[in-house]
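Here the structure comes first, spelled out in structure tokens, and everything after it is commentary.
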Amino acid sequence: MAQEIEIEFKNLLTKEEFLQLIKQFSIRNKDFRVQENHYFDTPDFQLKEKQSALRVRVKDGNSTLTLKTPITNGLLETNQGLSPMQAEELLKQGLFPEGEVKDVLLNIGIEIPSLLHFGSLKTKRAELEFQEGLLVFDESTYFDKVDYELEYEVKDFDTGKKIFFDLLKEQDIPKRETENKIKRFYREKVRRES
């Protein structure tokens, strides 16, 4: 288990902008790794209401349970490694593992039995150290939708903000209001069900 503060800036990209950036930064096909996020919430979206998100990320054969809760200028991430059996039990049977994530969920008033697996989002991701942080190039697929995103993960909010928005300006990419992946995923899910 680990807790860390996540400060990141993000911007949705067109496919052309995405291709322009990976060319600019010499990102090759082999630099991309695939990860899959499995999202959870209650039927009435209690986590979403609390600006929080719960997921299992499967990457390189490892599974991590992550709860993101809001704090000033970022998110507090509570991460807990899962064994292959724990991940399978959670994804297929809804059996929630003991640990810090469960403790925090109970603390914020979420009833564990009410959590449902809402679906999955697959991301091809490349990462690159850039100035004061980590530049992340994401191509995400959910339902039959594909979107492209640039993220910048930093330790210092003000420095990171300046570097990220200067980079967008240099690359002639407009700043776009960008929700996180889980919000985009949920919006698409709701749109399809209405």
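The way I read the labels, and the way they are meant: chains A, B, ... in the order of the structure tokens, residue 1 as the first residue of every chain, and ligand 1 as the first ligand shown, with later ones counted on from there.
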
Find the residues near Gln35 in chain A: any atom within 6 Å, counting only C-alpha atoms, skip ones fewer than 3 places away on the same chain, and give them as a PyMOL selection string. chain A and resi 58-59+122-123

Can you pull out every residue within 8 Å of range 99-107 of chain A, counting only C-alpha atoms, but drop anything in the same chain fewer than 2 positions away, and send it as a CSV table (one decimal) with N, CA and C atoms, in the first residue's frame?
chain,number,residue,atom,x,y,z
A,1,MET,N,0.9,-1.2,0.0
A,1,MET,CA,0.0,0.0,0.0
A,1,MET,C,0.9,1.2,0.0
A,65,LEU,N,-5.0,-1.8,-7.2
A,65,LEU,CA,-6.2,-1.2,-6.8
A,65,LEU,C,-5.9,0.2,-6.4
A,66,THR,N,-6.6,1.2,-7.0
A,66,THR,CA,-6.3,2.6,-6.7
A,66,THR,C,-7.6,3.4,-6.4
A,67,LEU,N,-7.6,4.1,-5.3
A,67,LEU,CA,-8.7,5.0,-5.0
A,67,LEU,C,-8.1,6.5,-5.1
A,78,THR,N,-4.6,6.4,-3.2
A,78,THR,CA,-4.3,5.3,-2.3
A,78,THR,C,-4.2,4.0,-3.1
A,79,ASN,N,-3.0,3.4,-3.2
A,79,ASN,CA,-2.7,2.3,-4.0
A,79,ASN,C,-2.4,1.0,-3.2
A,80,GLN,N,-2.9,-0.1,-3.7
A,80,GLN,CA,-2.8,-1.4,-3.1
A,80,GLN,C,-2.5,-2.4,-4.1
A,96,PHE,N,-14.2,-7.8,-2.5
A,96,PHE,CA,-13.3,-6.7,-2.3
A,96,PHE,C,-12.3,-7.1,-1.2
A,97,PRO,N,-11.0,-6.9,-1.6
A,97,PRO,CA,-9.9,-7.3,-0.6
A,97,PRO,C,-9.8,-6.3,0.6
A,109,GLY,N,-17.6,6.9,3.6
A,109,GLY,CA,-19.0,6.5,3.6
A,109,GLY,C,-19.5,5.7,2.4
A,110,ILE,N,-18.6,4.9,1.8
A,110,ILE,CA,-19.0,4.1,0.7
A,110,ILE,C,-19.2,2.7,1.2
A,111,GLU,N,-20.4,2.1,0.9
A,111,GLU,CA,-20.7,0.7,1.4
A,111,GLU,C,-20.1,-0.2,0.3
A,112,ILE,N,-19.2,-1.1,0.8
A,112,ILE,CA,-18.4,-1.9,-0.1
A,112,ILE,C,-19.3,-2.9,-0.9

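For the atom pair formed by CA of Asn62 in chain A and CA of Pro84 in chain A, the distance is 7.6 Å, given to one decimal.
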
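Closest approach to Val56 in chain A from the set A:Gly119, A:Pro43, A:Gly133, A:Gly74 is made by A:Gly119, with distances taken over only C-alpha atoms.
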
What parts of range 65-142 of chain A does DSSP call alpha helix (DSSP H)? I'd like the answer as a ChimeraX atom specification.
/A:84-88,100-107

Using N, CA and C atoms, can you export the residues from the last selection as a short mmCIF file (atom, residue, chain, number, x, y, z; two decimals), in the first residue's frame?
data_model
loop_
_atom_site.label_atom_id
_atom_site.label_comp_id
_atom_site.auth_asym_id
_atom_site.auth_seq_id
_atom_site.Cartn_x
_atom_site.Cartn_y
_atom_site.Cartn_z
N PRO A 84 -2.91 -11.98 -8.37
CA PRO A 84 -3.78 -12.36 -9.50
C PRO A 84 -5.14 -12.88 -9.02
N MET A 85 -5.14 -13.64 -7.91
CA MET A 85 -6.40 -14.19 -7.41
C MET A 85 -7.31 -13.08 -6.86
N GLN A 86 -6.72 -12.12 -6.11
CA GLN A 86 -7.53 -11.01 -5.58
C GLN A 86 -8.13 -10.18 -6.73
N ALA A 87 -7.34 -9.93 -7.76
CA ALA A 87 -7.83 -9.15 -8.91
C ALA A 87 -8.98 -9.88 -9.59
N GLU A 88 -8.82 -11.16 -9.80
CA GLU A 88 -9.87 -11.94 -10.46
C GLU A 88 -11.14 -11.98 -9.61
N GLU A 100 -5.96 -0.94 2.91
CA GLU A 100 -6.12 0.51 3.08
C GLU A 100 -7.18 1.11 2.16
N VAL A 101 -7.29 0.62 0.93
CA VAL A 101 -8.31 1.17 0.01
C VAL A 101 -9.70 0.95 0.60
N LYS A 102 -9.95 -0.25 1.08
CA LYS A 102 -11.26 -0.54 1.70
C LYS A 102 -11.48 0.35 2.91
N ASP A 103 -10.43 0.55 3.72
CA ASP A 103 -10.54 1.40 4.91
C ASP A 103 -10.92 2.83 4.54
N VAL A 104 -10.25 3.38 3.50
CA VAL A 104 -10.55 4.75 3.08
C VAL A 104 -11.97 4.84 2.51
N LEU A 105 -12.38 3.84 1.73
CA LEU A 105 -13.75 3.83 1.19
C LEU A 105 -14.78 3.87 2.32
N LEU A 106 -14.57 3.04 3.34
CA LEU A 106 -15.49 3.03 4.48
C LEU A 106 -15.48 4.38 5.19
N ASN A 107 -14.29 4.98 5.30
CA ASN A 107 -14.13 6.29 5.94
C ASN A 107 -14.92 7.38 5.23
#

What separates CA of Phe9 in chain A and CA of Lys161 in chain A is a distance of 6.9 Å

### Message
Show me, as a ChimeraX atom specification, the residues that have an atom within 12 Å of Phe25 in chain A when counting only C-alpha atoms, minus same-chain residues fewer than 6 positions from it.
### Response
/A:18-19,31,126-130,135-137,167,171

Keeping only N, CA, C and O atoms, write those residues as an mmCIF file, in the first residue's frame.
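The result, written out as selection_31.cif:
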data_model
loop_
_atom_site.group_PDB
_atom_site.id
_atom_site.type_symbol
_atom_site.label_atom_id
_atom_site.label_comp_id
_atom_site.auth_asym_id
_atom_site.auth_seq_id
_atom_site.Cartn_x
_atom_site.Cartn_y
_atom_site.Cartn_z
ATOM 1 N N PHE A 18 -1.556 14.352 -31.697
ATOM 2 C CA PHE A 18 -0.903 13.239 -30.997
ATOM 3 C C PHE A 18 0.276 12.720 -31.831
ATOM 4 O O PHE A 18 1.390 12.573 -31.329
ATOM 5 N N LEU A 19 0.037 12.483 -33.119
ATOM 6 C CA LEU A 19 1.098 11.988 -34.008
ATOM 7 C C LEU A 19 2.226 13.009 -34.138
ATOM 8 O O LEU A 19 3.413 12.649 -34.154
ATOM 9 N N ASP A 31 7.880 2.021 -27.642
ATOM 10 C CA ASP A 31 7.870 2.766 -26.376
ATOM 11 C C ASP A 31 6.507 2.717 -25.685
ATOM 12 O O ASP A 31 6.391 3.068 -24.517
ATOM 13 N N ALA A 126 2.925 5.888 -23.514
ATOM 14 C CA ALA A 126 4.374 6.098 -23.553
ATOM 15 C C ALA A 126 4.695 7.220 -22.572
ATOM 16 O O ALA A 126 3.923 8.179 -22.441
ATOM 17 N N GLU A 127 5.818 7.082 -21.866
ATOM 18 C CA GLU A 127 6.205 8.073 -20.854
ATOM 19 C C GLU A 127 7.611 8.573 -21.145
ATOM 20 O O GLU A 127 8.453 7.831 -21.644
ATOM 21 N N LEU A 128 7.840 9.846 -20.800
ATOM 22 C CA LEU A 128 9.124 10.478 -21.076
ATOM 23 C C LEU A 128 9.416 11.505 -19.990
ATOM 24 O O LEU A 128 8.567 12.359 -19.702
ATOM 25 N N GLU A 129 10.610 11.420 -19.380
ATOM 26 C CA GLU A 129 11.020 12.458 -18.430
ATOM 27 C C GLU A 129 11.151 13.760 -19.209
ATOM 28 O O GLU A 129 11.773 13.790 -20.277
ATOM 29 N N PHE A 130 10.545 14.832 -18.696
ATOM 30 C CA PHE A 130 10.581 16.118 -19.395
ATOM 31 C C PHE A 130 10.648 17.237 -18.371
ATOM 32 O O PHE A 130 9.724 17.410 -17.575
ATOM 33 N N LEU A 135 6.150 13.368 -18.835
ATOM 34 C CA LEU A 135 5.228 13.617 -19.938
ATOM 35 C C LEU A 135 4.649 12.274 -20.366
ATOM 36 O O LEU A 135 5.393 11.309 -20.577
ATOM 37 N N VAL A 136 3.320 12.201 -20.470
ATOM 38 C CA VAL A 136 2.638 10.938 -20.742
ATOM 39 C C VAL A 136 1.772 11.089 -21.997
ATOM 40 O O VAL A 136 0.960 12.012 -22.093
ATOM 41 N N PHE A 137 1.983 10.178 -22.937
ATOM 42 C CA PHE A 137 1.250 10.170 -24.200
ATOM 43 C C PHE A 137 0.280 8.987 -24.166
ATOM 44 O O PHE A 137 0.718 7.840 -24.115
ATOM 45 N N LEU A 167 4.515 24.307 -23.286
ATOM 46 C CA LEU A 167 4.709 23.252 -24.287
ATOM 47 C C LEU A 167 3.548 23.238 -25.290
ATOM 48 O O LEU A 167 3.773 23.170 -26.500
ATOM 49 N N GLN A 171 3.839 24.034 -29.351
ATOM 50 C CA GLN A 171 3.404 23.040 -30.335
ATOM 51 C C GLN A 171 2.140 23.475 -31.082
ATOM 52 O O GLN A 171 1.609 22.726 -31.887
#

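Shortest atom-to-atom contact with Glu151 in chain A among A:Gln3, A:Thr72, A:Gln131, A:Asn11: A:Asn11, counting only C-alpha atoms.
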
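What separates CA of Glu8 in chain A from CA of Asp166 in chain A is a distance of 14.8 Å.
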
Q | Shell around Asp147 in chain A at 9 Å using only C-alpha atoms, local window under 4 positions removed, as a list in words | A | Leu12, Leu13, Thr14, Lys15, Asp138, Glu139, Ser140, Thr141 and Tyr142 of chain A

field: Picked from range 18-189 of chain A by DSSP as strand (DSSP E), as a VMD selection string
entry: chain A and resid 33 to 41 53 to 59 62 to 71 74 to 82 116 to 130 133 to 142 145 to 154
